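Written below as structure tokens is the structure these notes are about.
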Amino acid sequence: MSRKSLVTRVLVFLCLVIMTTGTAFAAEDWDEIIAKAKEEGVVVTWGTSSRLARVAPVMEEYGVKIQHAKMSDMEITERLVREKQAGISSVDFIMAEDILGVAGQLLPSKYVESFIPEMYVDKIDEAYRDPFVFLVQPRTILYNTEVYDECPITNLWELTTPEWRGKVIIRDPEITSTNISFFAEIVARADEMAAAYKEYFGEEIKLTTENAGWEFLKRLAQNNVVTVSSDDDVAEAVGSRGQADPPVGFATVGKVRLNIEQNLVLGVAENIVPINGYHYPAYGLLVTDSPNPNAAKLLVRVLLTDEGMQAWTQDWGNFSTNPENSFNPENPLGGLDVWSQLTWPLTLEATAKYSRDVLDFWILNRR
Amino acid sequence: MQQAARQPTRKLFFVRMWNITKKGFSNPPFILSVFLLIALLYLVIGPLFTMIQSAFTLHPRDALFVAGEAGEFTTHYFVRTFFSRMRTVLFFEPFLNTLLVIFPMSALALLIGGVLAWLVVRTDLPGRRMIAKLAIIPYTLPSWTLALAWITLFKNRRIGGAAGILEWMGFKLPDWLSFGPIPIIVVMALHYYPFSFLLIGGALRDIDTRLEESALVLGADTKVIMRRIVFSLVTPAVLSSWILTLARGLGSFGAPNILGRPVNFQVLSTRLYSNMQTGSPGEGYLLAIVMIIMAVSFLYLNQKVIGTRKGYVTITGKAATKSIIRLGKYKTLISFCVYLFLFCVVVVPLLVLGIETIVMTPGNYSLSNFTTHFWIGKSNPSILSGQPGVLRDPQMWEGLWNTLKLGFLASLSCAVAGLLIGYTVVRLRGKWLANILDQLSFLPYLVPSIAFGATYLSLFAKPRLFLPSLYGTFTLLVVVTTVKNLPFATRAGISGMMQLGHEIEEAGIVAGASWSTRMRRLIFPLQRSGLLSGILLPMVSAMRELSLIIILITPGTHLLTTLTFQFTDYGYYNISNALLLINIVLVLLSTALVQKLTKNDLSEGLGG
């Protein structure tokens with residue numbers, strides 16, 4: 001062929017290449033995703049909270065139904081692993097709290113993946129991007145405001161004293177991986193725990209275990225802590241009216257809404273040494289090879305909008321990781337910026353290192 | 001010369017083998033039996049095998065902490081469960097707790113059942129027939145009915161949450177009464193006593209009266225007759241019912257879960273379940289193995305005691321005069337006690353469950369707090385996170401429909417399997433193949449339900465050979481229910497076939513009918529009525545089944561029983577009780593249907 005026609009062909013070829021790669025790097029086509037989601041018609045979700053089902057009205061504007069099942073965090077991991085090993089996929093999106101399960105099993109095996117719609121990527125704090133966290137919730141000490149004017153606990157070590165024997169209620173660590181992660185943080189931050197001990201008891205701690213963190217867990221476990229299966233149970237035990245000697249409990253801040261729903265009298269602790277509690281992430285992850293992937297992507301996008309998060313943010317103790325979303329102004333003590341100072345974040349390092357031993361240690365010392 | 005003599009012998013051997021095989025394959029029962037053998041080996045022995053294998057394979061979650069690759073052979077779980085510092089928590093405590101519960105429980109059940117049986121069969125207590133019918137009801141209801149009723153009545157504030165009815169009324173309830181071993185023992189005894197009642201009652205009724213008559217002729221008075229003849233003849237039944245109750249109690253899950261977990265009182269079945277649900281299947285499977293060994297030991301003991309393999313009750317009527325004890329002046333008192341007891345055990349729990357379903361704010365049982373919301377209320381976000389009333393909840397209807405579907409499909413497959421196995425076993429009677437089939441089909445009876453469910457999880461977790469994984473499917477539930485009820489279906493099939501003589505089939509052969517035509521037009525129709533009880537039993541049992549399937553269900557395959565369990569776990573007792581009541585209606589209706597269709601009342605003949 002002539003030289004001119006060869007050049008033309010090469011140029012045309014290059015143009016085609018650039019165009020195709022150009023489209024590969026082009027923006028996500030949300031019109032297409034929404035259209036496909038509507039075709040799929042339903043998104044199947046598993047979560048630790050039943051609130052995900054409340055996002056339904058927003059999703060229905062796009063013509064997508066939510067089919068939601070609530071289960072405990074470890075069950076979500078276990079069931080997803082079972083399904084994937086069995087070669088079936090029935091779920092599209094999981095709202096998970098099992099830090100170790102997600103980072104240690106689900107992500108490495110590529111059973112789930114993080115997806116953030118590009119228009120939101122820059123708004124989300126880096127700490128919440130991988131794996132993608134869409135919701136942050138604090139867990140803290142709650143007390144009964146009918147009997148106590150202010151929180152009767154000022155230092156975590158008080159929970160291990162004879163005065164509070166049998167009067168501390170927490171969600172069963174055996175089924176609540178975030179409580180286990182908190183215990184792991186306590187062990188990791190043993191120095192802070194030792195300092196807190198000194199502040200309360202006025203003397204150095206005498207160790208019968210490796211460090212002050214383990215010591216705290218041991219004494220707490222041996223102090224007849226009552227374990228229940230949900231934060232609702234904690235709230236009811238602490239906040240029911242007409243109690244002469246109510247316990248204190250460790251539950252999500254959001255349970256204070258039960259003051260209205262069930263006529264309880266719950267109050268939130270304000271200043272506890274060394275820390276009020278912890279805040280934990282709710283991951284929003286897409287399941288790979290799922291039946292309704294586009295509906296799932298749409299759900300993620302909806303969860304990043306103010307409207308979508310209303311299911312949580314209209315109540316207390318729930319904060320979106322998209323700082324542009326609102327939170328209930330009546331939130332005790334303030335928003336995420338306040339709570340992230342008052343409570344410890346749960347880190348993967350501590351969880352990965354200590355959680356298995358912490359759980360065993362807890363179970364052993366409860367006998 | 002010698003070589004020439006040896007070779008024909010060897011050739012002859014092969015020719016003979018070939019002939020036998022050819023003959024075998026032209027014999028339909030033989031082909032059928034081979035097929036059934038393979039199927040049963042896979043469905044009955046297979047799960048045990050895969051479970052043992054899984055107990056020694058490293059789970060991915062543990063690969064993070066334990067040396068080794070996920071999927072490799074490991075003794076980690078074995079060591080951890082039985083020898084590590086966690087051994088008390090993981091094994092010894094649940095094991096000892098299980099013993100602590102089942103021995104007193106079965107003794108109590110024996111006492112209640114035995115006394116009732118004696119009163120009904122051997123005295124002139126008024127209304128005996130009615131009492132016999134009512135006395136059986138607690139066993140037909142789901143096993144945790146009484147546990148839920150107990151909690152509603154006796155719950156105290158210790159574990160948080162609202163108070164139970166009695167505490168609201170002002171009674172101070174000690175912890176040991178609300179939760180833990182004592183309520184579990186009481187509640188389980190009240191559920192299982194009908195077993196002893198039927199077995200001992202049947203034995204009492206079937207005693208050969210000639211023995212008693214001879215004693216009378218020889219001058220013995222009633223008391224001596226009772227003591228030396230009746231009681232000694234009834235002893236095998238007593239021992240047997242004790243052992244069988246032990247075996248049943250061992251696998252029981254519902255009651256210990258509701259009454260034990262809140263105070264961390266674990267038995268083997270609840271520990272097994274929580275291991276499976278929190279990513280520790282290795283430890284879970286080991287507990288299942290322990291439970292199976294225990295159950296097999298109990299049932300082996302039972303065999304020794306009564307000398308037969310049959311572990312279920314067949315009541316045959318036999319009219320005879322017996323020496324009846326006259327209650328005399330104690331009659332009214334005893335009647336009153338019996339009726340009071342039945343009232344407390346049958347009516348009160350249902351009432352109590354019902355009350356909880358109409359209470360708005362938990363713990364407040366005043367009339368002003370009554371509501372129909374949990375039955376017919378619309379979803380309200382501020383009440384129970386938007387959980388709608390039970391009759392409006394699509395999940396409930398789905399669960400109900402699934403329950404009916406499971407019952408129907410399991411019955412159908414049990415019927416077919418029972419018939420085929422029965423046919424094969426009887427036609428090939430005496431051959432080793434028939435014996436193996438007989439034993440294999442009985443094996444599922446020995447395995448506690450919750451352990452059986454666990455084994456099926458391991459069997460169908462992954463695709464194997466050409467068989468797909470059934471995890472998460474409804475089919476899996478049907479398969480496991482069918483196999484678990486196979487013992488009953490095959491007993492019915494075998495006894496039905498034994499009553500059918502060869503002549504009918506031979507007539508068919510003479511008339512030129514092929515094997516399939518004979519099955520279709522002779523055997524099946526003739527077996528229909530005989531198989532009915534074997535068929536319908538799976539249907540009723542599917543409606544009260546929890547422990548068998550609790551490990552296998554997924555959000556898409558809920559049944560009424562598992563939904564009840566789920567809401568109990570959430571602490572939404574108003575919803576769970578409502579679901580249970582609906583379930584009970586279903587069970588009672590189907591039991592009545594079964595009794596009408598088979599014209600076979602379990603308590604028949606016991607009331608005189």
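Following the order of the structure tokens, chains are lettered A, B, ..., residues in each are numbered from 1, and ligands are numbered from 1.
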
Skip A:Asn263 itself and residues of its chain fewer than 5 positions away, then list as a list in words all residues within 12 Å of it, counting only C-alpha atoms.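 My list of contacting residues is Glu146, Ala235, Glu236, Gly239, Ser240, Arg241, Gly242, Lys255, Val256, Arg257 and Leu258 of chain A; Met360, Thr361, Pro362, Asn364 and Ser382 of chain B.
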
Just the selected residues (N, CA and C atoms), exported as a short mmCIF file (atom, residue, chain, number, x, y, z; two decimals), in the first residue's frame, please.
```cif
data_model
loop_
_atom_site.label_atom_id
_atom_site.label_comp_id
_atom_site.auth_asym_id
_atom_site.auth_seq_id
_atom_site.Cartn_x
_atom_site.Cartn_y
_atom_site.Cartn_z
N GLU A 146 -33.38 8.77 86.18
CA GLU A 146 -34.39 8.92 87.22
C GLU A 146 -33.72 8.86 88.59
N ALA A 235 -30.44 -1.22 77.08
CA ALA A 235 -31.20 0.02 77.31
C ALA A 235 -32.36 -0.22 78.26
N GLU A 236 -33.08 -1.30 78.07
CA GLU A 236 -34.23 -1.57 78.94
C GLU A 236 -33.79 -1.83 80.36
N GLY A 239 -32.52 1.63 81.67
CA GLY A 239 -33.41 2.80 81.63
C GLY A 239 -34.84 2.59 82.03
N SER A 240 -35.23 1.41 82.49
CA SER A 240 -36.62 1.22 82.89
C SER A 240 -36.91 2.05 84.12
N ARG A 241 -38.12 2.63 84.14
CA ARG A 241 -38.49 3.45 85.29
C ARG A 241 -38.79 2.58 86.50
N GLY A 242 -38.78 3.24 87.66
CA GLY A 242 -39.22 2.54 88.87
C GLY A 242 -38.19 1.60 89.44
N LYS A 255 -29.56 4.32 71.30
CA LYS A 255 -30.62 3.72 72.11
C LYS A 255 -31.32 4.74 72.97
N VAL A 256 -30.75 5.94 73.08
CA VAL A 256 -31.41 6.95 73.90
C VAL A 256 -32.77 7.32 73.30
N ARG A 257 -32.94 7.00 72.04
CA ARG A 257 -34.25 7.29 71.43
C ARG A 257 -35.36 6.51 72.12
N LEU A 258 -34.99 5.40 72.80
CA LEU A 258 -36.00 4.60 73.48
C LEU A 258 -36.66 5.38 74.61
N MET B 360 -48.28 -4.05 74.88
CA MET B 360 -47.54 -3.08 74.08
C MET B 360 -46.13 -2.86 74.62
N THR B 361 -46.05 -2.19 75.78
CA THR B 361 -44.73 -1.98 76.37
C THR B 361 -44.39 -3.21 77.19
N PRO B 362 -43.28 -3.84 76.89
CA PRO B 362 -42.98 -5.08 77.59
C PRO B 362 -42.94 -4.88 79.10
N ASN B 364 -45.37 -4.52 81.19
CA ASN B 364 -46.51 -3.84 81.81
C ASN B 364 -47.77 -4.59 81.43
N SER B 382 -41.52 3.37 65.03
CA SER B 382 -41.15 3.57 66.42
C SER B 382 -41.50 2.36 67.29
#
```

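Using only C-alpha atoms, the smallest distance between any of B:Ser196, B:Tyr300, B:Gly279, B:Gln395 and B:Asp62 comes from B:Gly279.
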
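With atom CA of B:His59 on one side and atom CA of B:Thr455 on the other, the separation reads 15.9 Å.
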
Within 10 Å of stretch 59-75 of chain A, counting only C-alpha atoms, which residues qualify if same-chain residues fewer than 6 places away don't, as a PyMOL selection string? (chain A and resi 34-35+37-53+81+91-102+174-178+229-230+295-296+298-299+302-303+308) or (chain B and resi 274+276-279+554-556+566+570)

Convert the current residue selection to file output with C-alpha atoms, as a compact mmCIF listing (two decimals), in the first residue's frame.
```txt
# COMPACT_ATOMS: atom_id res chain seq x y z
CA ILE A 34 -29.70 3.39 37.40
CA ALA A 35 -31.43 1.96 34.36
CA ALA A 37 -30.73 -1.25 38.64
CA LYS A 38 -34.34 -0.63 37.76
CA GLU A 39 -34.27 -3.68 35.52
CA GLU A 40 -32.83 -5.75 38.34
CA GLY A 41 -35.60 -4.43 40.52
CA VAL A 42 -34.35 -5.63 43.86
CA VAL A 43 -31.26 -5.47 46.02
CA VAL A 44 -30.72 -8.24 48.57
CA THR A 45 -28.96 -7.07 51.70
CA TRP A 46 -27.74 -8.48 54.97
CA GLY A 47 -27.00 -6.23 57.89
CA THR A 48 -26.62 -6.00 61.61
CA SER A 49 -29.33 -3.39 61.82
CA SER A 50 -32.88 -3.56 60.59
CA ARG A 51 -32.72 0.10 59.61
CA LEU A 52 -31.37 -0.69 56.21
CA ALA A 53 -34.88 -1.71 55.29
CA VAL A 81 -18.15 -17.53 53.40
CA VAL A 91 -26.87 -11.46 48.48
CA ASP A 92 -25.74 -8.20 46.86
CA PHE A 93 -24.75 -5.89 49.67
CA ILE A 94 -23.67 -6.38 53.24
CA MET A 95 -23.61 -3.95 56.11
CA ALA A 96 -20.90 -5.47 58.26
CA GLU A 97 -19.28 -4.67 61.59
CA ASP A 98 -16.95 -7.64 61.85
CA ILE A 99 -13.63 -5.86 61.39
CA LEU A 100 -11.51 -8.97 61.45
CA GLY A 101 -13.86 -10.99 59.31
CA VAL A 102 -13.95 -8.32 56.65
CA GLU A 174 -19.23 -13.63 72.20
CA ILE A 175 -21.67 -12.38 69.58
CA THR A 176 -20.51 -8.77 69.32
CA SER A 177 -17.21 -8.57 67.54
CA THR A 178 -17.00 -4.80 68.11
CA SER A 229 -27.96 -10.27 73.24
CA SER A 230 -28.85 -6.77 72.08
CA ALA A 295 -28.89 -2.13 42.31
CA ALA A 296 -26.19 -2.58 44.94
CA LEU A 298 -27.20 2.44 43.50
CA LEU A 299 -27.78 1.58 47.12
CA VAL A 302 -28.15 6.47 48.09
CA LEU A 303 -26.47 5.73 51.41
CA GLY A 308 -30.70 7.92 52.26
CA SER B 274 -23.12 -20.90 68.91
CA MET B 276 -21.45 -22.89 64.20
CA GLN B 277 -22.75 -19.33 64.11
CA THR B 278 -19.61 -17.56 65.24
CA GLY B 279 -17.14 -19.03 62.83
CA THR B 554 -30.78 -18.87 55.43
CA PRO B 555 -32.81 -15.67 55.27
CA GLY B 556 -34.60 -16.93 52.22
CA GLN B 566 -35.17 -15.48 65.52
CA TYR B 570 -34.05 -10.35 69.31
```

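Closest approach to chain A among B:Glu506, B:Glu356, B:Glu93, B:Asp124: B:Glu93, based on only C-alpha atoms.
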
Taking the DSSP secondary structure from the backbone, can you list the residues of stretch 170-243 of chain A that are strand (DSSP E or B), as an MDAnalysis selection string? chainID A and resid 170:171 226:228

Take the selection from the previous step and output its residues with N, CA and C atoms, as a PDB file, in the first residue's frame.
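What ended up in selection27.pdb:
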```pdb
ATOM      1  N   ILE A 170     -23.635  -5.376  79.429  1.00  0.00           N
ATOM      2  CA  ILE A 170     -23.084  -5.124  78.099  1.00  0.00           C
ATOM      3  C   ILE A 170     -23.613  -6.161  77.120  1.00  0.00           C
ATOM      4  N   ARG A 171     -23.488  -5.828  75.865  1.00  0.00           N
ATOM      5  CA  ARG A 171     -23.879  -6.772  74.828  1.00  0.00           C
ATOM      6  C   ARG A 171     -22.844  -7.893  74.827  1.00  0.00           C
ATOM      7  N   VAL A 226     -23.287  -8.628  83.445  1.00  0.00           N
ATOM      8  CA  VAL A 226     -24.424  -9.297  82.819  1.00  0.00           C
ATOM      9  C   VAL A 226     -24.340  -9.108  81.305  1.00  0.00           C
ATOM     10  N   THR A 227     -24.407 -10.210  80.574  1.00  0.00           N
ATOM     11  CA  THR A 227     -24.327 -10.078  79.119  1.00  0.00           C
ATOM     12  C   THR A 227     -25.690 -10.382  78.506  1.00  0.00           C
ATOM     13  N   VAL A 228     -26.071  -9.544  77.571  1.00  0.00           N
ATOM     14  CA  VAL A 228     -27.367  -9.715  76.913  1.00  0.00           C
ATOM     15  C   VAL A 228     -27.151  -9.754  75.409  1.00  0.00           C
TER      16      VAL A 228
END
```

Identify which of the residues A:Glu83, A:Leu220, A:Leu207, A:Tyr120 lies closest to A:Asn325, counting only C-alpha atoms when measuring atom-to-atom distances.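 Checking each of A:Glu83, A:Leu220, A:Leu207, A:Tyr120 against A:Asn325, counting only C-alpha atoms, the winner is A:Tyr120.
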
Polymer residues at most 9 Å from A:Gly335, only C-alpha atoms, same-chain spacing of 6 or more positions, as number ranges by chain: A: 317-319, 327-329

Applying 9 Å and only C-alpha atoms, which residues near A:Leu217 remain after dropping the ones on its own chain fewer than 5 positions away? List them as a compact mmCIF listing (two decimals) with C-alpha atoms, in the first residue's frame.
```txt
# COMPACT_ATOMS: atom_id res chain seq x y z
CA THR A 160 -14.52 -3.42 88.32
CA PHE A 183 -11.31 -5.04 74.58
CA ILE A 186 -7.93 -1.71 75.90
CA VAL A 187 -5.08 -4.20 75.82
CA ALA A 212 -3.05 -3.03 82.82
CA GLN A 222 -14.88 -11.49 87.32
CA VAL A 358 -9.13 -11.44 74.35
CA PHE A 361 -9.50 -14.62 78.19
CA TRP A 362 -12.90 -13.06 78.72
CA ASN A 365 -12.42 -15.29 83.53
```

Have a look at B:Leu134, B:Val89, B:Leu579, B:Leu342 and name the one nearest to chain A; count only C-alpha atoms.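 Closest to chain A, using only C-alpha atoms: B:Val89.
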
Find the residues near stretch 286-290 of chain B: any atom within 10 Å, counting only C-alpha atoms, skip ones fewer than 5 places away on the same chain, and give them as a ChimeraX atom specification. /B:48,51-52,54-56,77-78,81-82,90-91,94-95,251,268-269,271-273,275,281,295-296,447-455

For the selection just defined, write its residues with N, CA and C atoms to a file, as a JSON list (two decimals), in the first residue's frame.
```
[["chain", "number", "residue", "atom", "x", "y", "z"],
["B", 48, "LEU", "N", -21.63, -38.00, 58.11],
["B", 48, "LEU", "CA", -20.78, -38.28, 59.27],
["B", 48, "LEU", "C", -19.32, -38.17, 58.86],
["B", 51, "MET", "N", -18.29, -34.57, 58.11],
["B", 51, "MET", "CA", -18.23, -33.79, 59.34],
["B", 51, "MET", "C", -16.94, -34.06, 60.09],
["B", 52, "ILE", "N", -16.58, -35.34, 60.19],
["B", 52, "ILE", "CA", -15.33, -35.67, 60.85],
["B", 52, "ILE", "C", -14.17, -35.03, 60.11],
["B", 54, "SER", "N", -14.29, -32.26, 58.32],
["B", 54, "SER", "CA", -14.28, -30.82, 58.58],
["B", 54, "SER", "C", -13.74, -30.49, 59.95],
["B", 55, "ALA", "N", -13.96, -31.38, 60.91],
["B", 55, "ALA", "CA", -13.48, -31.10, 62.27],
["B", 55, "ALA", "C", -11.97, -31.09, 62.32],
["B", 56, "PHE", "N", -11.34, -31.65, 61.30],
["B", 56, "PHE", "CA", -9.88, -31.68, 61.30],
["B", 56, "PHE", "C", -9.28, -30.89, 60.15],
["B", 77, "TYR", "N", -8.40, -27.97, 66.37],
["B", 77, "TYR", "CA", -9.72, -27.93, 67.02],
["B", 77, "TYR", "C", -9.85, -29.01, 68.06],
["B", 78, "PHE", "N", -9.30, -30.18, 67.75],
["B", 78, "PHE", "CA", -9.36, -31.30, 68.69],
["B", 78, "PHE", "C", -8.64, -30.93, 69.99],
["B", 81, "THR", "N", -10.53, -28.00, 71.84],
["B", 81, "THR", "CA", -11.78, -28.35, 72.49],
["B", 81, "THR", "C", -11.59, -29.24, 73.70],
["B", 82, "PHE", "N", -10.65, -30.18, 73.63],
["B", 82, "PHE", "CA", -10.56, -31.16, 74.71],
["B", 82, "PHE", "C", -9.37, -30.99, 75.64],
["B", 90, "LEU", "N", -15.39, -24.92, 76.36],
["B", 90, "LEU", "CA", -15.83, -25.46, 75.08],
["B", 90, "LEU", "C", -16.45, -26.84, 75.19],
["B", 91, "PHE", "N", -15.99, -27.64, 76.14],
["B", 91, "PHE", "CA", -16.51, -28.99, 76.19],
["B", 91, "PHE", "C", -17.00, -29.45, 77.56],
["B", 94, "PRO", "N", -20.29, -27.66, 79.06],
["B", 94, "PRO", "CA", -21.53, -28.03, 78.37],
["B", 94, "PRO", "C", -21.85, -29.51, 78.54],
["B", 95, "PHE", "N", -20.82, -30.36, 78.54],
["B", 95, "PHE", "CA", -21.04, -31.79, 78.69],
["B", 95, "PHE", "C", -21.64, -32.10, 80.04],
["B", 251, "GLY", "N", -30.43, -34.09, 72.63],
["B", 251, "GLY", "CA", -30.38, -33.29, 71.41],
["B", 251, "GLY", "C", -31.27, -32.06, 71.46],
["B", 268, "LEU", "N", -24.57, -28.99, 75.53],
["B", 268, "LEU", "CA", -23.89, -29.36, 74.29],
["B", 268, "LEU", "C", -24.60, -28.79, 73.06],
["B", 269, "SER", "N", -25.93, -28.86, 73.04],
["B", 269, "SER", "CA", -26.63, -28.40, 71.83],
["B", 269, "SER", "C", -26.51, -26.89, 71.62],
["B", 271, "ARG", "N", -24.11, -24.96, 72.80],
["B", 271, "ARG", "CA", -22.71, -24.67, 72.51],
["B", 271, "ARG", "C", -22.40, -25.01, 71.05],
["B", 272, "LEU", "N", -22.94, -26.11, 70.60],
["B", 272, "LEU", "CA", -22.76, -26.50, 69.20],
["B", 272, "LEU", "C", -23.29, -25.39, 68.28],
["B", 273, "TYR", "N", -24.48, -24.95, 68.57],
["B", 273, "TYR", "CA", -25.10, -23.92, 67.74],
["B", 273, "TYR", "C", -24.27, -22.64, 67.74],
["B", 275, "ASN", "N", -21.14, -22.23, 68.36],
["B", 275, "ASN", "CA", -19.90, -22.46, 67.64],
["B", 275, "ASN", "C", -20.11, -22.33, 66.14],
["B", 281, "PRO", "N", -16.70, -23.62, 63.31],
["B", 281, "PRO", "CA", -17.34, -24.89, 62.98],
["B", 281, "PRO", "C", -16.54, -26.10, 63.40],
["B", 295, "ALA", "N", -25.53, -40.50, 72.05],
["B", 295, "ALA", "CA", -26.85, -40.99, 71.65],
["B", 295, "ALA", "C", -26.78, -42.46, 71.26],
["B", 296, "VAL", "N", -25.73, -42.82, 70.52],
["B", 296, "VAL", "CA", -25.58, -44.21, 70.11],
["B", 296, "VAL", "C", -25.43, -45.11, 71.34],
["B", 447, "VAL", "N", -29.01, -40.21, 65.59],
["B", 447, "VAL", "CA", -28.27, -38.95, 65.64],
["B", 447, "VAL", "C", -29.15, -37.83, 66.16],
["B", 448, "PRO", "N", -28.71, -37.10, 67.20],
["B", 448, "PRO", "CA", -29.50, -35.97, 67.69],
["B", 448, "PRO", "C", -29.71, -34.96, 66.57],
["B", 449, "SER", "N", -30.91, -34.41, 66.50],
["B", 449, "SER", "CA", -31.26, -33.55, 65.36],
["B", 449, "SER", "C", -30.28, -32.44, 65.08],
["B", 450, "ILE", "N", -29.84, -31.77, 66.12],
["B", 450, "ILE", "CA", -28.99, -30.61, 65.85],
["B", 450, "ILE", "C", -27.65, -31.06, 65.28],
["B", 451, "ALA", "N", -27.19, -32.21, 65.74],
["B", 451, "ALA", "CA", -25.93, -32.73, 65.19],
["B", 451, "ALA", "C", -26.14, -33.16, 63.75],
["B", 452, "PHE", "N", -27.30, -33.75, 63.49],
["B", 452, "PHE", "CA", -27.61, -34.20, 62.13],
["B", 452, "PHE", "C", -27.61, -33.02, 61.17],
["B", 453, "GLY", "N", -28.24, -31.92, 61.61],
["B", 453, "GLY", "CA", -28.24, -30.72, 60.77],
["B", 453, "GLY", "C", -26.83, -30.25, 60.49],
["B", 454, "ALA", "N", -25.99, -30.29, 61.53],
["B", 454, "ALA", "CA", -24.61, -29.86, 61.36],
["B", 454, "ALA", "C", -23.89, -30.73, 60.33],
["B", 455, "THR", "N", -24.13, -32.05, 60.38],
["B", 455, "THR", "CA", -23.45, -32.93, 59.43],
["B", 455, "THR", "C", -23.88, -32.60, 58.01]]
```

Computed interatomic separation between atom CA of B:Gly201 and atom CA of B:Gly114 (Å):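 Calculated distance between atom CA of B:Gly201 and atom CA of B:Gly114 is 7.5 Å.
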
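Atom CA of B:Phe442 is found 17.2 Å from atom CA of B:Phe49.
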
Which residues are close to stretch 461-478 of chain B, i.e. within 7 Å by only C-alpha atoms, leaving aside same-chain residues fewer than 6 positions away? Reply as number ranges by chain. A: 82-83, 85-86; B: 406, 409-410, 549, 553-554, 557

The selected residues should be written to file as a PDB file, in the first residue's frame (atoms: C-alpha atoms).
```
ATOM      1  CA  ARG A  82     -20.418 -20.581  53.326  1.00  0.00           C
ATOM      2  CA  GLU A  83     -22.303 -19.291  50.313  1.00  0.00           C
ATOM      3  CA  GLN A  85     -17.659 -21.833  49.113  1.00  0.00           C
ATOM      4  CA  ALA A  86     -20.866 -23.451  48.011  1.00  0.00           C
TER       5      ALA A  86
ATOM      6  CA  LEU B 406     -41.589 -28.669  53.665  1.00  0.00           C
ATOM      7  CA  LEU B 409     -42.525 -32.504  50.157  1.00  0.00           C
ATOM      8  CA  ALA B 410     -40.774 -34.333  52.973  1.00  0.00           C
ATOM      9  CA  ILE B 549     -32.780 -27.158  60.449  1.00  0.00           C
ATOM     10  CA  ILE B 553     -31.621 -22.125  57.144  1.00  0.00           C
ATOM     11  CA  THR B 554     -30.784 -18.874  55.429  1.00  0.00           C
ATOM     12  CA  THR B 557     -35.690 -20.268  53.610  1.00  0.00           C
TER      13      THR B 557
END
```
